[in-house]
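Trainee: The structure under discussion is supplied below as structure tokens; questions concerning it will follow.
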Amino acid sequence: MLNIVLFGPPGVGKGTQAKKLVERYGLKHLSTGDMLRAEKASGSDLGNKVAEIMNAGKLVSDEIVNAIVESQVRANRDEKGFIFDGYPRTSAQAAKLDEILAGIDAGIAATLFLDAPKEELVSRLLKRAQEQGRADDNEETIEKRVVEYNEKTLPVAEVYRAQDKLRTVEGLGEIDEVFERLVAVVEIVNA
Ligand code: AMP
């Protein structure tokens with residue numbers, strides 16, 4: 001299996017690049033943000049529970065996202081591999097992901113860290129707010145999401161660095177340009 005974590009701050013373009021990697025390598029895209037938004041849209045009890053948290057720009061509990069990812073990984077264990085987009089976002093999620101993958105005799109090949117300066121990202125998110133109307137893309141929640149990222153998510157990079165799995169990729173530039181940078185790294189880890 002080829003399992004890749006796509007890591008990076010809000011607004012860096014993880015979703016866009018994940019879709020392109022999925023196309024190129026025939027992997028299964030697991031975006032916890034997309035799955036949580038679908039849950040929210042369905043109006044289920046779980047969806048109603050997470051809606052408020054997401055709209056406030058805060059992280060949904062590890063328990064909830066881990067359970068969603070575990071069931072998706074198990075259900076898709078025959079795929080060629082997974083692109084994890086927006087997960088793990090805490091050190092506890094990173095530990096759980098290792099456990100989930102070990103359960104299907106697999107592991108993470110690499111964590112691709114797409115990085116870019118904060119000012120650039122905030123303006124991208126504000127632009128996305130106008131284009132897509134995401135409930136959590138407004139000035140107040142963007143600020144909250146950046147704080148959550150710095151406090152809880154950034155330490156996850158160190159977990160993967162310690163395992164020698166972290167590969168940093170410059171996130172600024174044209175979509176195709178950034179994609180080719182990611183592909184160059186995937187080609188090496190997949191060789
Ligand atoms: P995203 O589309 O990845 O930016 O995620 C949108 C929102 O969903 C985040 O701001 C969180 O509220 C929630 N979310 C997505 N993935 C996770 C995760 N791995 N852990 C906790 N909350 C998450």
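Residue numbering restarts at 1 in every chain; chains get A, B, ... in the order shown in the structure tokens, and ligands count up from 1 in that same order.
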Within 8 Å of region 145-162 of chain A, which residues of region 44-71 of chain A come that close, and what is the closest atom pair and distance in Å for each? Count only C-alpha atoms and give it as a tab-separated table.

Mentor:
```
residue	atom	partner	partner_atom	distance
A:Gly57	CA	A:Arg145	CA	4.9
A:Lys58	CA	A:Arg145	CA	6.3
A:Leu59	CA	A:Glu148	CA	7.1
```

Trainee: Please, which residues of region 96-158 of chain A, numbered as in this document, come out strand (DSSP E or B) from DSSP, as a PyMOL selection string?

Mentor: chain A and resi 110-115

Trainee: For the residues selected in the previous step, produce a file with N, CA, C and O atoms as a short mmCIF file (atom, residue, chain, number, x, y, z; two decimals), in the first residue's frame.

Mentor:
```cif
data_model
loop_
_atom_site.label_atom_id
_atom_site.label_comp_id
_atom_site.auth_asym_id
_atom_site.auth_seq_id
_atom_site.Cartn_x
_atom_site.Cartn_y
_atom_site.Cartn_z
N ALA A 110 5.00 8.35 3.86
CA ALA A 110 5.58 9.69 4.08
C ALA A 110 4.49 10.67 4.47
O ALA A 110 3.32 10.48 4.14
N THR A 111 4.92 11.72 5.17
CA THR A 111 4.04 12.84 5.47
C THR A 111 4.56 14.03 4.69
O THR A 111 5.70 14.47 4.90
N LEU A 112 3.75 14.51 3.76
CA LEU A 112 4.16 15.64 2.93
C LEU A 112 3.67 16.92 3.60
O LEU A 112 2.46 17.12 3.76
N PHE A 113 4.60 17.73 4.02
CA PHE A 113 4.29 18.96 4.75
C PHE A 113 4.30 20.13 3.77
O PHE A 113 5.35 20.63 3.38
N LEU A 114 3.08 20.54 3.37
CA LEU A 114 2.93 21.70 2.46
C LEU A 114 2.93 22.94 3.33
O LEU A 114 2.04 23.12 4.16
N ASP A 115 3.91 23.80 3.14
CA ASP A 115 3.98 24.96 4.02
C ASP A 115 3.99 26.28 3.23
O ASP A 115 4.42 26.30 2.07
#
```

Trainee: Name each residue within 10 Å of ligand 1, counting only C-alpha atoms and all ligand atoms, as a VMD selection string.

Mentor: chain A and resid 7 to 15 31 to 37 50 to 66 68 to 69 84 to 90 93 to 94 134 to 137 141 to 142 144 to 146 148 to 149 152 to 153

Trainee: Given the choices A:Leu125, A:Ala95, A:Leu166, A:Ala116, which gets closest to Val185 (chain A) if the distance is worked out from only C-alpha atoms?

Mentor: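 Checking each of A:Leu125, A:Ala95, A:Leu166, A:Ala116 against Val185 (chain A), counting only C-alpha atoms, the winner is A:Leu166.
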
Trainee: Please provide the set of residues having any atom within 8 Å of Asn190 (chain A), restricted to only C-alpha atoms, with same-chain residues fewer than 2 positions apart removed, written as an MDAnalysis selection string.

Mentor: chainID A and resid 2 109 186:188

Trainee: Grab the residues selected above and save them as a CSV table (one decimal), in the first residue's frame with N, CA, C and O atoms.

Mentor:
```csv
chain,number,residue,atom,x,y,z
A,2,LEU,N,0.3,2.3,-0.6
A,2,LEU,CA,1.0,3.6,-0.6
A,2,LEU,C,0.2,4.6,0.2
A,2,LEU,O,-0.9,5.0,-0.2
A,109,ALA,N,3.9,5.8,4.4
A,109,ALA,CA,5.1,5.9,3.6
A,109,ALA,C,5.8,7.3,3.8
A,109,ALA,O,7.0,7.4,4.0
A,186,VAL,N,6.9,11.9,-3.8
A,186,VAL,CA,6.2,10.6,-3.8
A,186,VAL,C,7.0,9.6,-4.7
A,186,VAL,O,7.1,8.4,-4.3
A,187,GLU,N,7.5,10.1,-5.8
A,187,GLU,CA,8.3,9.1,-6.6
A,187,GLU,C,9.4,8.5,-5.8
A,187,GLU,O,9.8,7.4,-6.0
A,188,ILE,N,10.0,9.3,-5.0
A,188,ILE,CA,11.2,8.8,-4.2
A,188,ILE,C,10.7,7.8,-3.1
A,188,ILE,O,11.2,6.7,-3.0
```

Trainee: May I ask which of the residues A:Glu70, A:Glu174, A:Leu30, A:Ser44 is the closest one to Glu99 (chain A), counting only C-alpha atoms?

Mentor: A:Glu70

Trainee: Which residues, written as a list in words, have at least one atom at most 9 Å from Val22 (chain A), with only C-alpha atoms counted and residues fewer than 6 positions away on the same chain left out?

Mentor: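 That gives Lys28, His29, Phe82 and Ile83 of chain A.
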
Trainee: Can those selected residues be exported to a file as a CSV table (one decimal), in the first residue's frame so that it contains all heavy atoms?

Mentor:
```csv
chain,number,residue,atom,x,y,z
A,28,LYS,N,-7.1,6.3,-2.4
A,28,LYS,CA,-8.4,6.6,-1.8
A,28,LYS,C,-8.2,7.9,-1.0
A,28,LYS,O,-7.3,7.9,-0.1
A,28,LYS,CB,-8.9,5.5,-1.0
A,28,LYS,CG,-10.1,5.8,-0.1
A,28,LYS,CD,-11.3,5.6,-0.9
A,28,LYS,CE,-12.6,6.0,-0.1
A,28,LYS,NZ,-13.7,6.3,-0.9
A,29,HIS,N,-9.0,8.9,-1.3
A,29,HIS,CA,-8.9,10.2,-0.6
A,29,HIS,C,-9.7,10.2,0.7
A,29,HIS,O,-10.9,10.0,0.7
A,29,HIS,CB,-9.5,11.3,-1.5
A,29,HIS,CG,-9.3,12.7,-1.0
A,29,HIS,ND1,-10.0,13.7,-1.5
A,29,HIS,CD2,-8.6,13.2,0.0
A,29,HIS,CE1,-9.7,14.9,-0.9
A,29,HIS,NE2,-8.8,14.6,0.0
A,82,PHE,N,-4.0,5.2,0.7
A,82,PHE,CA,-4.8,6.3,1.1
A,82,PHE,C,-4.0,7.6,1.1
A,82,PHE,O,-2.8,7.6,1.4
A,82,PHE,CB,-5.3,6.1,2.6
A,82,PHE,CG,-6.1,4.9,2.8
A,82,PHE,CD1,-5.6,3.7,3.4
A,82,PHE,CD2,-7.5,5.0,2.5
A,82,PHE,CE1,-6.4,2.6,3.6
A,82,PHE,CE2,-8.3,3.9,2.7
A,82,PHE,CZ,-7.8,2.7,3.2
A,83,ILE,N,-4.7,8.7,0.8
A,83,ILE,CA,-4.2,10.0,1.1
A,83,ILE,C,-5.0,10.6,2.2
A,83,ILE,O,-6.2,10.7,2.1
A,83,ILE,CB,-4.4,11.0,-0.1
A,83,ILE,CG1,-3.7,10.5,-1.4
A,83,ILE,CG2,-4.0,12.4,0.2
A,83,ILE,CD1,-2.4,11.1,-1.7
```

Trainee: Out of A:Lys96, A:Arg181, A:Gly26, A:Arg167, which residue has the shortest atom-to-atom distance to Gly81 (chain A) when counting only C-alpha atoms?

Mentor: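 So, comparing all the options, the nearest one is A:Gly26.
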
Trainee: Using the chain letters and numbers from this document, which residues of region 107-188 of chain A does DSSP assign to helix (DSSP H, G or I), as a VMD selection string?

Mentor: chain A and resid 118 to 132 139 to 162 175 to 188

Trainee: Which value, in Å to one decimal, gives the distance between CA of Glu177 (chain A) and CA of Ala191 (chain A)?

Mentor: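 Distance between the two atoms: 21.4 Å.
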
Trainee: Counting only C-alpha atoms, figure out which residue out of A:Gly107, A:Val178, A:Lys19, A:Gln72 gets nearest to Lys165 (chain A).

Mentor: A:Gly107

Trainee: Using CA of Arg74 (chain A) and CA of Arg24 (chain A) as the two end points, give the distance in Å to one decimal.

Mentor: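 These atoms are spaced 22.8 Å apart.
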
Trainee: Find the residues near Phe179 (chain A): any atom within 9 Å, counting only C-alpha atoms, skip ones fewer than 3 places away on the same chain, and give them as a list in words.

Mentor: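 Here the answer would be Gln17, Lys20, Leu21, Glu174, Ile175, Asp176, Leu182, Val183 and Ala184 of chain A.
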
Trainee: Which of these residues is nearest to Gly171 (chain A), using only C-alpha atoms: A:Ser42, A:Thr16, A:Gln130, A:Asn76?

Mentor: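 Comparing A:Ser42, A:Thr16, A:Gln130, A:Asn76 against Gly171 (chain A), the winner is A:Thr16.
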
Trainee: What separation in Å, quoted to one decimal, exists between CA of Asn138 (chain A) and CA of Val122 (chain A)?

Mentor: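 Going from CA of Asn138 (chain A) over to CA of Val122 (chain A), I get 9.6 Å.
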